[in-house]
$ cat work04.txt   # compact mmCIF, C-alpha atoms and all ligand atoms
# COMPACT_ATOMS: atom_id res chain seq x y z
CA MET U 10 12.13 2.58 29.88
CA ASN U 11 11.24 3.24 26.21
CA LYS U 12 7.56 3.06 25.47
CA LEU U 13 6.56 0.25 23.08
CA VAL U 14 3.16 -0.22 21.48
CA TYR U 15 2.39 -3.02 19.06
CA SER U 16 -1.05 -3.49 17.56
CA MET U 17 -1.94 -5.69 14.61
CA PRO U 18 -5.35 -7.20 15.25
CA ALA U 19 -5.85 -8.74 11.77
CA HIS U 20 -6.16 -12.52 11.95
CA ILE U 21 -4.13 -13.80 9.01
CA VAL U 22 -4.54 -17.11 7.25
CA MET U 23 -2.42 -18.14 4.30
CA GLU U 24 -3.03 -21.33 2.35
CA GLU U 25 -4.32 -22.57 -0.97
CA ASP U 26 -8.11 -22.17 -1.28
CA CYS U 27 -7.84 -19.98 1.78
CA LEU U 28 -11.23 -18.29 1.57
CA TYR U 29 -13.27 -21.45 1.28
CA ARG U 30 -11.33 -23.41 3.85
CA ASN U 31 -11.61 -20.58 6.37
CA ARG U 32 -15.10 -19.42 5.49
CA SER U 33 -16.22 -19.79 9.12
CA PHE U 34 -14.38 -16.50 9.81
CA LEU U 35 -16.65 -14.77 7.33
CA ALA U 36 -19.69 -16.44 8.86
CA GLY U 37 -19.01 -14.61 12.11
CA LEU U 38 -19.13 -11.17 10.49
CA GLY U 39 -22.84 -10.99 9.69
CA LYS U 40 -25.58 -12.08 7.33
CA LYS U 41 -24.77 -9.92 4.33
CA ALA U 42 -21.40 -8.99 2.81
CA PHE U 43 -20.58 -5.91 0.78
CA ILE U 44 -17.91 -7.01 -1.71
CA VAL U 45 -15.67 -4.14 -2.80
CA THR U 46 -13.38 -4.82 -5.75
CA GLY U 47 -11.81 -3.43 -8.92
CA ARG U 48 -13.28 -3.52 -12.39
CA THR U 49 -11.87 -6.74 -13.84
CA SER U 50 -8.99 -8.50 -12.13
CA SER U 51 -10.85 -10.26 -9.30
CA GLY U 52 -13.18 -11.82 -11.86
CA ALA U 53 -10.24 -13.02 -13.95
CA ASN U 54 -8.02 -14.35 -11.15
CA GLY U 55 -10.68 -16.42 -9.38
CA SER U 56 -10.79 -14.48 -6.11
CA PHE U 57 -14.29 -13.12 -6.69
CA ASP U 58 -15.74 -16.56 -7.46
CA ASP U 59 -14.00 -18.04 -4.42
CA ALA U 60 -15.50 -15.35 -2.20
CA VAL U 61 -18.99 -15.99 -3.58
CA LYS U 62 -18.53 -19.74 -3.08
CA ALA U 63 -17.48 -19.22 0.54
CA LEU U 64 -20.34 -16.82 1.30
CA GLU U 65 -22.94 -19.06 -0.33
CA ALA U 66 -21.66 -22.09 1.57
CA ASN U 67 -22.14 -20.04 4.75
CA GLY U 68 -25.68 -19.09 3.72
CA GLN U 69 -24.66 -15.42 3.52
CA SER U 70 -25.96 -13.00 0.93
CA PHE U 71 -23.96 -10.21 -0.67
CA ALA U 72 -24.00 -7.02 -2.72
CA VAL U 73 -21.15 -5.98 -5.01
CA PHE U 74 -19.37 -2.69 -5.72
CA ASP U 75 -16.88 -3.33 -8.55
CA ARG U 76 -16.00 0.17 -9.68
CA VAL U 77 -12.86 0.90 -7.63
CA MET U 78 -10.21 2.58 -9.78
CA SER U 79 -6.47 2.56 -9.08
CA ASN U 80 -5.71 5.28 -6.51
CA PRO U 81 -9.35 5.50 -5.42
CA THR U 82 -10.93 8.90 -4.95
CA GLU U 83 -13.04 9.97 -2.02
CA VAL U 84 -15.90 10.33 -4.53
CA CYS U 85 -15.65 6.62 -5.28
CA VAL U 86 -15.77 5.62 -1.60
CA TYR U 87 -18.81 7.80 -0.91
CA GLU U 88 -20.56 6.05 -3.82
CA ALA U 89 -19.57 2.65 -2.47
CA ALA U 90 -20.72 3.55 1.04
CA ALA U 91 -24.13 4.71 -0.24
CA GLU U 92 -24.61 1.37 -2.00
CA CYS U 93 -23.49 -0.55 1.07
CA ARG U 94 -25.97 1.34 3.22
CA LYS U 95 -28.79 0.87 0.71
CA ALA U 96 -28.13 -2.88 0.57
CA SER U 97 -28.08 -3.08 4.41
CA CYS U 98 -24.80 -5.02 4.50
CA ASP U 99 -23.26 -6.12 7.81
CA PHE U 100 -19.63 -6.26 6.80
CA VAL U 101 -17.24 -5.38 3.99
CA LEU U 102 -15.22 -7.92 2.03
CA ALA U 103 -12.37 -6.26 0.13
CA ILE U 104 -10.90 -8.12 -2.83
CA GLY U 105 -8.04 -6.78 -4.92
CA GLY U 106 -4.92 -4.69 -4.71
CA GLY U 107 -4.40 -1.79 -2.34
CA SER U 108 -6.94 0.33 -4.19
CA PRO U 109 -10.03 -1.84 -3.55
CA MET U 110 -8.81 -2.67 -0.03
CA ASP U 111 -8.39 1.01 0.84
CA ALA U 112 -11.71 1.96 -0.77
CA ALA U 113 -13.40 -0.82 1.20
CA LYS U 114 -11.99 0.50 4.47
CA ALA U 115 -13.30 4.00 3.88
CA ALA U 116 -16.66 2.63 2.72
CA ALA U 117 -16.85 0.62 5.96
CA ILE U 118 -16.66 3.89 7.88
CA LEU U 119 -18.98 5.90 5.67
CA ALA U 120 -21.67 3.22 5.45
CA ILE U 121 -22.56 3.81 9.09
CA ASN U 122 -21.35 7.41 9.61
CA ASP U 123 -23.00 10.30 7.83
CA ILE U 124 -19.92 12.52 7.72
CA PRO U 125 -18.41 15.01 5.29
CA ARG U 126 -14.99 14.58 3.71
CA GLU U 127 -13.04 16.62 6.27
CA LYS U 128 -14.41 14.54 9.14
CA LEU U 129 -13.37 11.38 7.33
CA PHE U 130 -9.78 12.58 6.91
CA ASN U 131 -9.70 14.00 10.45
CA ARG U 132 -10.90 10.69 11.90
CA ALA U 133 -14.05 12.22 13.39
CA PHE U 134 -15.88 8.89 13.56
CA THR U 135 -16.15 6.18 16.18
CA SER U 136 -17.42 3.18 14.27
CA ALA U 137 -16.94 1.17 11.09
CA LEU U 138 -18.37 -2.04 9.68
CA PRO U 139 -16.10 -5.08 10.14
CA ILE U 140 -13.71 -5.66 7.25
CA ALA U 141 -12.16 -8.79 5.75
CA ALA U 142 -9.50 -8.49 3.06
CA VAL U 143 -8.24 -10.66 0.21
CA PRO U 144 -5.10 -9.11 -1.31
CA THR U 145 -4.50 -9.93 -4.97
CA THR U 146 -1.28 -7.92 -5.33
CA ALA U 147 1.80 -8.36 -3.17
CA GLY U 148 2.71 -4.80 -2.31
CA THR U 149 0.58 -2.48 -0.23
CA GLY U 150 0.01 -4.77 2.74
CA SER U 151 -3.27 -2.91 3.24
CA GLU U 152 -4.69 -6.17 4.65
CA THR U 153 -2.51 -5.64 7.73
CA THR U 154 -2.65 -1.85 8.11
CA PRO U 155 -5.12 0.58 9.70
CA TYR U 156 -4.84 3.00 6.74
CA SER U 157 -6.98 3.91 3.78
CA VAL U 158 -5.14 6.08 1.26
CA LEU U 159 -7.45 8.11 -0.96
CA VAL U 160 -7.19 10.80 -3.56
CA ASP U 161 -8.94 13.85 -2.19
CA THR U 162 -10.30 15.43 -5.33
CA GLY U 163 -11.92 18.36 -3.61
CA SER U 164 -14.55 18.51 -6.29
CA PRO U 165 -16.69 15.51 -7.17
CA ASP U 166 -17.12 15.84 -10.92
CA GLU U 167 -14.07 17.36 -12.48
CA ASP U 168 -11.08 15.60 -11.04
CA ARG U 169 -10.64 12.34 -12.86
CA PHE U 170 -8.54 11.12 -15.68
CA PRO U 171 -10.56 11.15 -18.89
CA ASP U 172 -10.92 7.37 -18.64
CA GLY U 173 -12.25 7.62 -15.10
CA ARG U 174 -9.27 5.89 -13.48
CA GLY U 175 -8.11 8.37 -10.91
CA ALA U 176 -7.10 11.87 -10.08
CA VAL U 177 -5.45 14.64 -12.06
CA THR U 178 -3.09 17.50 -11.36
CA GLY U 179 -3.66 19.58 -8.28
CA GLN U 180 -5.25 16.95 -6.06
CA ALA U 181 -3.82 15.38 -2.93
CA LYS U 182 -3.35 11.85 -1.63
CA ARG U 183 -4.56 11.74 1.96
CA SER U 184 -4.66 8.98 4.46
CA VAL U 185 -7.41 7.95 6.85
CA GLY U 186 -5.77 6.12 9.76
CA SER U 187 -7.79 4.42 12.48
CA PRO U 188 -7.65 1.12 14.38
CA LEU U 189 -11.33 0.78 13.41
CA ILE U 190 -10.33 -0.06 9.85
CA PHE U 191 -7.81 -2.77 10.56
CA PRO U 192 -9.21 -5.77 8.67
CA ARG U 193 -10.45 -8.40 11.12
CA PHE U 194 -9.35 -11.16 8.75
CA ALA U 195 -6.80 -11.31 5.95
CA PHE U 196 -7.02 -14.26 3.56
CA LEU U 197 -3.73 -14.80 1.73
CA ASP U 198 -3.86 -16.98 -1.36
CA ALA U 199 -0.96 -16.43 -3.73
CA ARG U 200 -2.71 -18.26 -6.57
CA TYR U 201 -4.63 -15.06 -7.34
CA MET U 202 -1.36 -13.45 -8.43
CA ARG U 203 -0.49 -16.12 -10.96
CA ARG U 204 -1.24 -13.89 -13.92
CA LEU U 205 -0.15 -10.56 -12.43
CA GLY U 206 2.10 -9.13 -15.15
CA ARG U 207 5.72 -8.01 -14.89
CA ALA U 208 5.09 -4.30 -14.33
CA ASN U 209 2.38 -4.78 -11.69
CA THR U 210 4.37 -7.50 -9.94
CA ILE U 211 7.56 -5.46 -9.78
CA ASN U 212 5.91 -2.15 -8.91
CA THR U 213 3.94 -3.69 -6.07
CA VAL U 214 6.96 -5.59 -4.71
CA ILE U 215 8.91 -2.34 -4.67
CA ASP U 216 6.09 -0.83 -2.60
CA ALA U 217 6.42 -3.64 -0.05
CA LEU U 218 10.19 -3.25 -0.02
CA SER U 219 9.80 0.47 0.45
CA HIS U 220 7.45 -0.07 3.42
CA ALA U 221 9.99 -2.32 5.11
CA VAL U 222 12.99 -0.08 4.34
CA GLU U 223 11.20 3.14 5.29
CA GLY U 224 9.80 1.43 8.38
CA LEU U 225 13.37 1.21 9.71
CA LEU U 226 13.87 4.93 9.12
CA CYS U 227 10.79 6.38 10.78
CA VAL U 228 10.45 8.19 14.09
CA ARG U 229 7.80 5.68 15.15
CA ALA U 230 9.93 2.57 14.38
CA ASN U 231 10.26 0.22 17.33
CA TYR U 232 11.83 -3.09 18.32
CA LEU U 233 9.02 -5.15 16.80
CA SER U 234 8.57 -3.17 13.61
CA ASP U 235 12.36 -3.42 13.08
CA ALA U 236 12.22 -7.20 13.44
CA LEU U 237 9.37 -7.48 10.95
CA ALA U 238 11.08 -5.09 8.55
CA HIS U 239 14.24 -7.19 8.64
CA LYS U 240 12.26 -10.35 7.84
CA SER U 241 10.32 -8.71 5.05
CA ILE U 242 13.45 -7.25 3.41
CA THR U 243 15.36 -10.53 3.42
CA THR U 244 12.36 -12.39 1.98
CA ILE U 245 11.94 -9.86 -0.85
CA LEU U 246 15.66 -9.84 -1.64
CA ASP U 247 15.54 -13.63 -1.90
CA CYS U 248 13.15 -13.10 -4.83
CA PHE U 249 15.18 -10.41 -6.62
CA ASP U 250 16.92 -12.75 -9.08
CA ALA U 251 13.59 -14.29 -10.07
CA LEU U 252 12.10 -10.82 -10.56
CA LEU U 253 15.05 -9.59 -12.62
CA SER U 254 14.65 -12.53 -14.99
CA PHE U 255 10.86 -12.27 -15.05
CA PRO U 256 9.52 -14.91 -17.45
CA ALA U 257 7.64 -14.10 -20.66
CA LEU U 258 4.40 -15.43 -19.16
CA PRO U 259 3.58 -14.25 -15.62
CA GLU U 260 2.25 -17.67 -14.67
CA GLU U 261 5.77 -19.04 -15.21
CA LEU U 262 7.05 -17.12 -12.19
CA PRO U 263 7.39 -19.95 -9.63
CA ALA U 264 4.51 -20.30 -7.17
CA GLU U 265 6.92 -20.21 -4.23
CA ILE U 266 8.17 -16.79 -5.36
CA ARG U 267 4.58 -15.49 -5.46
CA GLU U 268 4.02 -16.92 -1.97
CA LYS U 269 7.17 -15.32 -0.58
CA LEU U 270 6.24 -11.95 -2.06
CA LEU U 271 2.74 -12.08 -0.62
CA LEU U 272 4.03 -13.00 2.82
CA ALA U 273 6.71 -10.30 2.70
CA SER U 274 4.16 -7.72 1.61
CA SER U 275 1.77 -8.53 4.48
CA THR U 276 4.73 -8.44 6.84
CA ALA U 277 5.77 -5.02 5.52
CA GLY U 278 2.17 -3.90 6.12
CA MET U 279 2.62 -4.91 9.76
CA VAL U 280 5.76 -2.75 9.82
CA ILE U 281 4.08 0.43 8.62
CA ALA U 282 1.05 -0.27 10.79
CA GLN U 283 3.48 0.53 13.65
CA SER U 284 6.08 2.83 12.12
CA GLY U 285 4.12 4.71 9.47
CA THR U 286 5.96 5.71 6.31
CA SER U 287 8.67 8.28 5.66
CA VAL U 288 9.05 11.26 3.37
CA VAL U 289 9.57 8.79 0.48
CA HIS U 290 5.84 8.03 0.42
CA SER U 291 4.89 11.71 0.70
CA MET U 292 7.19 12.51 -2.23
CA GLY U 293 6.03 9.51 -4.26
CA TYR U 294 2.42 10.66 -4.02
CA MET U 295 3.43 13.61 -6.22
CA PHE U 296 4.41 11.32 -9.11
CA THR U 297 1.16 9.40 -8.77
CA ILE U 298 -1.07 12.45 -8.53
CA HIS U 299 0.60 14.41 -11.31
CA TRP U 300 1.82 11.69 -13.67
CA GLY U 301 -0.31 8.67 -12.76
CA THR U 302 2.85 6.71 -11.82
CA ASP U 303 2.10 3.41 -10.04
CA HIS U 304 2.40 3.83 -6.29
CA GLY U 305 5.20 1.28 -5.82
CA ARG U 306 7.29 2.58 -8.70
CA ALA U 307 6.89 6.13 -7.37
CA ASN U 308 8.47 5.06 -4.08
CA GLY U 309 11.15 3.05 -5.85
CA LEU U 310 12.30 6.07 -7.85
CA LEU U 311 12.93 7.91 -4.58
CA LEU U 312 14.55 5.21 -2.47
CA LYS U 313 18.10 5.63 -3.73
CA PRO U 314 18.29 9.44 -3.34
CA PHE U 315 16.63 9.16 0.08
CA LEU U 316 18.93 6.42 1.38
CA LYS U 317 22.07 8.14 0.10
CA TRP U 318 20.92 11.37 1.76
CA CYS U 319 20.31 9.52 5.07
CA GLN U 320 23.78 7.97 4.86
CA ALA U 321 25.42 11.35 4.22
CA LYS U 322 23.50 12.97 7.09
CA GLU U 323 24.52 10.22 9.49
CA LYS U 324 28.17 10.63 8.50
CA ALA U 325 28.03 14.41 8.85
CA ASP U 326 26.19 14.59 12.17
CA PRO U 327 27.39 12.40 15.07
CA SER U 328 24.30 13.33 17.09
CA VAL U 329 22.09 11.33 14.67
CA LYS U 330 21.44 7.80 15.89
CA PRO U 331 22.64 5.72 12.89
CA ARG U 332 20.02 3.59 11.20
CA ILE U 333 21.66 2.90 7.85
CA PRO U 334 23.88 0.16 9.40
CA VAL U 335 20.68 -1.48 10.70
CA LEU U 336 19.24 -1.33 7.19
CA CYS U 337 22.44 -2.72 5.63
CA ALA U 338 22.37 -5.63 8.08
CA ALA U 339 18.90 -6.49 6.77
CA LEU U 340 19.99 -5.96 3.15
CA GLY U 341 23.01 -8.19 3.69
CA THR U 342 25.05 -5.79 1.59
CA ASP U 343 26.13 -2.16 1.32
CA LEU U 344 23.82 0.59 0.14
CA ASP U 345 25.44 1.01 -3.29
CA THR U 346 25.06 -2.67 -4.17
CA PHE U 347 21.43 -2.66 -3.06
CA CYS U 348 20.65 0.54 -4.98
CA GLY U 349 22.29 -0.91 -8.10
CA ARG U 350 20.01 -3.96 -7.97
CA LEU U 351 16.97 -1.78 -7.39
CA GLU U 352 17.91 0.35 -10.42
CA ALA U 353 17.93 -2.78 -12.55
CA LEU U 354 14.34 -3.50 -11.51
CA LEU U 355 13.21 0.09 -12.07
CA GLY U 356 14.63 0.51 -15.56
CA ARG U 357 14.57 3.92 -17.28
CA ARG U 358 13.55 6.80 -15.02
CA GLU U 359 10.90 9.43 -15.71
CA LYS U 360 11.98 13.09 -16.08
CA ALA U 361 10.40 16.12 -14.41
CA SER U 362 10.81 19.84 -15.07
CA GLU U 363 12.46 22.04 -12.45
CA THR U 364 9.17 23.95 -11.99
CA GLU U 365 7.30 20.74 -11.18
CA LEU U 366 9.95 19.73 -8.65
CA GLU U 367 9.88 23.08 -6.84
CA THR U 368 6.09 23.00 -6.48
CA TRP U 369 6.14 19.44 -5.19
CA GLY U 370 8.96 20.10 -2.73
CA ALA U 371 6.88 22.70 -0.95
CA ALA U 372 3.83 20.41 -0.76
CA VAL U 373 5.82 17.49 0.67
CA MET U 374 7.35 19.48 3.53
CA LYS U 375 4.04 19.32 5.41
CA ASN U 376 4.31 15.52 5.66
CA ALA U 377 7.98 14.92 6.47
CA ALA U 378 7.69 14.76 10.27
CA ASN U 379 7.80 10.96 10.68
CA THR U 380 11.23 10.61 8.99
CA TYR U 381 14.04 9.88 11.51
CA ILE U 382 16.11 12.76 10.15
CA GLN U 383 14.06 15.76 9.14
CA PRO U 384 14.86 16.94 5.60
CA ASN U 385 14.48 20.62 4.85
CA GLN U 386 12.81 21.93 1.71
CA GLY U 387 16.10 22.27 -0.17
CA GLU U 388 17.06 18.69 0.66
CA ILE U 389 13.69 17.38 -0.51
CA LEU U 390 14.12 19.28 -3.75
CA GLU U 391 17.58 17.78 -4.18
CA MET U 392 16.22 14.26 -3.64
CA PHE U 393 13.52 14.94 -6.25
CA ARG U 394 16.21 16.18 -8.67
CA GLU U 395 18.29 13.05 -8.18
CA ALA U 396 15.23 10.83 -8.66
CA VAL U 397 13.72 12.39 -11.77
CA GLY U 398 15.52 15.67 -12.52
P1 LIG U 401 -4.12 -1.43 -7.45
O1 LIG U 401 -4.43 -0.04 -7.89
O2 LIG U 401 -4.96 -2.02 -6.40
O3 LIG U 401 -4.14 -2.41 -8.71
C1 LIG U 401 -3.34 -2.11 -9.84
C2 LIG U 401 -3.80 -2.89 -11.05
O4 LIG U 401 -3.57 -4.27 -10.86
C3 LIG U 401 -5.28 -2.74 -11.34
O5 LIG U 401 -5.42 -2.55 -12.74
C4 LIG U 401 -5.87 -4.08 -10.94
O6 LIG U 401 -7.01 -4.43 -11.73
C5 LIG U 401 -4.73 -5.01 -11.23
N1 LIG U 401 -4.72 -6.24 -10.44
C6 LIG U 401 -4.93 -6.38 -9.09
N2 LIG U 401 -4.75 -7.67 -8.73
C7 LIG U 401 -4.47 -8.36 -9.86
C8 LIG U 401 -4.18 -9.74 -10.12
N3 LIG U 401 -4.13 -10.65 -9.15
N4 LIG U 401 -3.93 -10.11 -11.40
C9 LIG U 401 -3.95 -9.19 -12.42
N5 LIG U 401 -4.20 -7.87 -12.23
C10 LIG U 401 -4.44 -7.47 -10.95
O7 LIG U 401 -2.57 -1.45 -7.07
P2 LIG U 401 -1.80 -1.62 -5.68
O8 LIG U 401 -0.42 -1.21 -5.94
O9 LIG U 401 -2.05 -2.93 -5.08
O10 LIG U 401 -2.48 -0.52 -4.73
C11 LIG U 401 -2.11 0.84 -4.81
C12 LIG U 401 -2.95 1.64 -3.85
O11 LIG U 401 -2.72 1.20 -2.50
C13 LIG U 401 -2.59 3.11 -3.88
O12 LIG U 401 -3.75 3.90 -3.83
C14 LIG U 401 -1.74 3.29 -2.62
O13 LIG U 401 -1.76 4.62 -2.14
C15 LIG U 401 -2.42 2.33 -1.68
N6 LIG U 401 -1.60 1.90 -0.54
C16 LIG U 401 -2.22 1.67 0.63
C17 LIG U 401 -1.52 1.26 1.74
C18 LIG U 401 -2.24 1.03 3.03
O14 LIG U 401 -1.59 0.79 4.06
N7 LIG U 401 -3.53 1.10 3.07
C19 LIG U 401 -0.14 1.06 1.65
C20 LIG U 401 0.47 1.29 0.44
C21 LIG U 401 -0.27 1.69 -0.66
P3 LIG U 401 -8.54 -4.12 -11.26
O15 LIG U 401 -8.65 -2.64 -11.16
O16 LIG U 401 -9.37 -4.72 -12.31
O17 LIG U 401 -8.70 -4.77 -9.92
ZN ZN U 402 3.09 2.20 -0.13
$ encode --input "work04.txt" --output "structure tokens" --more "lines below"
Ligand code: NAP
Ligand code: ZN
Amino acid sequence: MNKLVYSMPAHIVMEEDCLYRNRSFLAGLGKKAFIVTGRTSSGANGSFDDAVKALEANGQSFAVFDRVMSNPTEVCVYEAAAECRKASCDFVLAIGGGSPMDAAKAAAILAINDIPREKLFNRAFTSALPIAAVPTTAGTGSETTPYSVLVDTGSPDEDRFPDGRGAVTGQAKRSVGSPLIFPRFAFLDARYMRRLGRANTINTVIDALSHAVEGLLCVRANYLSDALAHKSITTILDCFDALLSFPALPEELPAEIREKLLLASSTAGMVIAQSGTSVVHSMGYMFTIHWGTDHGRANGLLLKPFLKWCQAKEKADPSVKPRIPVLCAALGTDLDTFCGRLEALLGRREKASETELETWGAAVMKNAANTYIQPNQGEILEMFREAVG
């Protein structure tokens, strides 16, 4: 019998005014919340005020850390954890896109574990504060995953963009994975995405799509992750026409499209919580680290070369258990048609130098093991060339 493990302990609620209506869940997490969020968006989209309203109605106090940058660094999460500890908070409430949610997860560990960076990345901890998450982008699905993806800068002071947003050349994206950082509660309210602009909406949706597609093509994929991936893919594809004709004002994108995207993104999070991600994510991290490319777009640039490579490998080697037909069944079309539609969403591609690609190819090899067919270094380089060469 094949072994099957499925774990997704986050309790999800999705409805309008979700936080306030379900504030009793927060009440059970402790007396004082540590709100972790980005610099501006949660204030502008109403999620921060809703969280405060819910906490106050529960008689809970809170402290706030609102300095999470996109692609958060480990420096940022150590700062957040120190503030959480100083404020004696009982639980962490993450509000924002994947960046604040991931920073919140790491801060939840570090607030009660006095550990150096290597022990964080090597999971040498046995406790974390409880976490609740309010996603305000529909992409990462971090509200339903046990991962916190951070930029490991190696050196605290020197490794940021000049505007303080994130990491620069030479640093690595590393993941902390532990069941201890699964959010206990995920509050899904698509209204917060009403004013999410075209680029952020599309880039984050492509991330969710990538999670679901890659989830089918991972060593750790299983019966249940496949079922969730199928559902997530069909839901996202239902929204493709609306995304391709994105309106001039983001708030004109129909509310039901926003809702579908949020649901599909959380579902894709459930997929990678089981399956993990493939070499596409490892390769995409290079674009983000070195060029600052948005995480979802980085994956999107690589999907076509990766999928075409998988298809060719399956055709060439009868010993490979075919997965592309499973993917095409979910896509409801052939690979070329799907890739054509994805290209339309991505628009003009970035260009890399051959030297960049060779350096990245070597770095990615270390993280290719979860892909259902193992690419060698030359094949990774070729996929990079097709994506941005
Ligand atoms: P993000 O970095 O969280 O946010 C991108 C931008 O969108 C920020 O400028 C943010 O502003 C803004 N924003 C967020 N919500 C908004 C809203 N409702 N309306 C208007 N603007 C809004 O982007 P993301 O793609 O969601 O997250 C990417 C990160 O997640 C990466 O670090 C990636 O590695 C990680 N990730 C994690 C997992 C996981 O399983 N844990 C999976 C995939 C990706 P503010 O800064 O002002 O908030
Ligand atoms: Zn991702």
$ residues_near_ligand --input "work04.txt" --ligand "ligand ZN 402 (chain U)" --cutoff "8 Å" --atoms "all atoms listed in the file" --output "ChimeraX atom specification"
/U:148-149,216-217,219-220,286,290,304-305,308
$ closest_atom_pairs --input "work04.txt" --of "chain U" --to "ligand LIG 401 (chain U)" --cutoff "7 Å" --atoms "only C-alpha atoms and all ligand atoms" --output "JSON lines"
{"residue": "U:Thr46", "atom": "CA", "partner": "U:LIG401", "partner_atom": "O17", "distance": 6.3}
{"residue": "U:Gly47", "atom": "CA", "partner": "U:LIG401", "partner_atom": "O17", "distance": 3.5}
{"residue": "U:Arg48", "atom": "CA", "partner": "U:LIG401", "partner_atom": "O16", "distance": 4.1}
{"residue": "U:Thr49", "atom": "CA", "partner": "U:LIG401", "partner_atom": "O16", "distance": 3.6}
{"residue": "U:Ser50", "atom": "CA", "partner": "U:LIG401", "partner_atom": "O16", "distance": 3.8}
{"residue": "U:Ser51", "atom": "CA", "partner": "U:LIG401", "partner_atom": "O17", "distance": 5.9}
{"residue": "U:Asn54", "atom": "CA", "partner": "U:LIG401", "partner_atom": "N3", "distance": 5.7}
{"residue": "U:Val77", "atom": "CA", "partner": "U:LIG401", "partner_atom": "O15", "distance": 6.5}
{"residue": "U:Met78", "atom": "CA", "partner": "U:LIG401", "partner_atom": "O15", "distance": 5.6}
{"residue": "U:Ser79", "atom": "CA", "partner": "U:LIG401", "partner_atom": "O1", "distance": 3.5}
{"residue": "U:Asn80", "atom": "CA", "partner": "U:LIG401", "partner_atom": "O12", "distance": 3.6}
{"residue": "U:Pro81", "atom": "CA", "partner": "U:LIG401", "partner_atom": "O12", "distance": 6.0}
{"residue": "U:Gly105", "atom": "CA", "partner": "U:LIG401", "partner_atom": "N2", "distance": 5.1}
{"residue": "U:Gly106", "atom": "CA", "partner": "U:LIG401", "partner_atom": "O2", "distance": 3.2}
{"residue": "U:Gly107", "atom": "CA", "partner": "U:LIG401", "partner_atom": "O10", "distance": 3.3}
{"residue": "U:Ser108", "atom": "CA", "partner": "U:LIG401", "partner_atom": "O2", "distance": 3.8}
{"residue": "U:Pro109", "atom": "CA", "partner": "U:LIG401", "partner_atom": "O2", "distance": 5.8}
{"residue": "U:Asp111", "atom": "CA", "partner": "U:LIG401", "partner_atom": "N7", "distance": 5.3}
{"residue": "U:Thr145", "atom": "CA", "partner": "U:LIG401", "partner_atom": "N3", "distance": 4.3}
{"residue": "U:Thr146", "atom": "CA", "partner": "U:LIG401", "partner_atom": "N2", "distance": 4.9}
{"residue": "U:Ala147", "atom": "CA", "partner": "U:LIG401", "partner_atom": "O9", "distance": 6.9}
{"residue": "U:Gly148", "atom": "CA", "partner": "U:LIG401", "partner_atom": "O9", "distance": 5.8}
{"residue": "U:Thr149", "atom": "CA", "partner": "U:LIG401", "partner_atom": "C20", "distance": 3.8}
{"residue": "U:Gly150", "atom": "CA", "partner": "U:LIG401", "partner_atom": "C19", "distance": 5.9}
{"residue": "U:Ser151", "atom": "CA", "partner": "U:LIG401", "partner_atom": "N7", "distance": 4.0}
{"residue": "U:Thr154", "atom": "CA", "partner": "U:LIG401", "partner_atom": "O14", "distance": 4.9}
{"residue": "U:Pro155", "atom": "CA", "partner": "U:LIG401", "partner_atom": "O14", "distance": 6.7}
{"residue": "U:Tyr156", "atom": "CA", "partner": "U:LIG401", "partner_atom": "N7", "distance": 4.3}
{"residue": "U:Ser157", "atom": "CA", "partner": "U:LIG401", "partner_atom": "N7", "distance": 4.5}
{"residue": "U:Val158", "atom": "CA", "partner": "U:LIG401", "partner_atom": "O13", "distance": 5.0}
{"residue": "U:Leu159", "atom": "CA", "partner": "U:LIG401", "partner_atom": "O12", "distance": 6.3}
{"residue": "U:Tyr201", "atom": "CA", "partner": "U:LIG401", "partner_atom": "N3", "distance": 4.8}
{"residue": "U:Met202", "atom": "CA", "partner": "U:LIG401", "partner_atom": "N3", "distance": 4.0}
{"residue": "U:Arg203", "atom": "CA", "partner": "U:LIG401", "partner_atom": "N3", "distance": 6.8}
{"residue": "U:Arg204", "atom": "CA", "partner": "U:LIG401", "partner_atom": "N4", "distance": 5.3}
{"residue": "U:Leu205", "atom": "CA", "partner": "U:LIG401", "partner_atom": "N4", "distance": 3.9}
{"residue": "U:Gly206", "atom": "CA", "partner": "U:LIG401", "partner_atom": "C9", "distance": 6.6}
{"residue": "U:Asn209", "atom": "CA", "partner": "U:LIG401", "partner_atom": "O4", "distance": 6.0}
{"residue": "U:Thr213", "atom": "CA", "partner": "U:LIG401", "partner_atom": "O8", "distance": 5.0}
{"residue": "U:Asp216", "atom": "CA", "partner": "U:LIG401", "partner_atom": "C20", "distance": 6.7}
{"residue": "U:Gly278", "atom": "CA", "partner": "U:LIG401", "partner_atom": "O14", "distance": 6.4}
{"residue": "U:Asp303", "atom": "CA", "partner": "U:LIG401", "partner_atom": "O8", "distance": 6.7}
{"residue": "U:His304", "atom": "CA", "partner": "U:LIG401", "partner_atom": "C14", "distance": 5.6}
{"residue": "U:Gly305", "atom": "CA", "partner": "U:LIG401", "partner_atom": "O8", "distance": 6.1}
$ residues_around --input "work04.txt" --residues "Leu102 (chain U)" --least-positions-apart "5" --cutoff "8 Å" --atoms "all atoms listed in the file" --output "PDB file with C-alpha atoms, keeping the file's coordinate frame"
ATOM      1  CA  ALA U  42     -21.400  -8.990   2.810  1.00  0.00           C
ATOM      2  CA  PHE U  43     -20.580  -5.910   0.780  1.00  0.00           C
ATOM      3  CA  ILE U  44     -17.910  -7.010  -1.710  1.00  0.00           C
ATOM      4  CA  VAL U  45     -15.670  -4.140  -2.800  1.00  0.00           C
ATOM      5  CA  ALA U 113     -13.400  -0.820   1.200  1.00  0.00           C
ATOM      6  CA  ILE U 140     -13.710  -5.660   7.250  1.00  0.00           C
ATOM      7  CA  ALA U 141     -12.160  -8.790   5.750  1.00  0.00           C
ATOM      8  CA  ALA U 142      -9.500  -8.490   3.060  1.00  0.00           C
ATOM      9  CA  VAL U 143      -8.240 -10.660   0.210  1.00  0.00           C
TER      10      VAL U 143
END
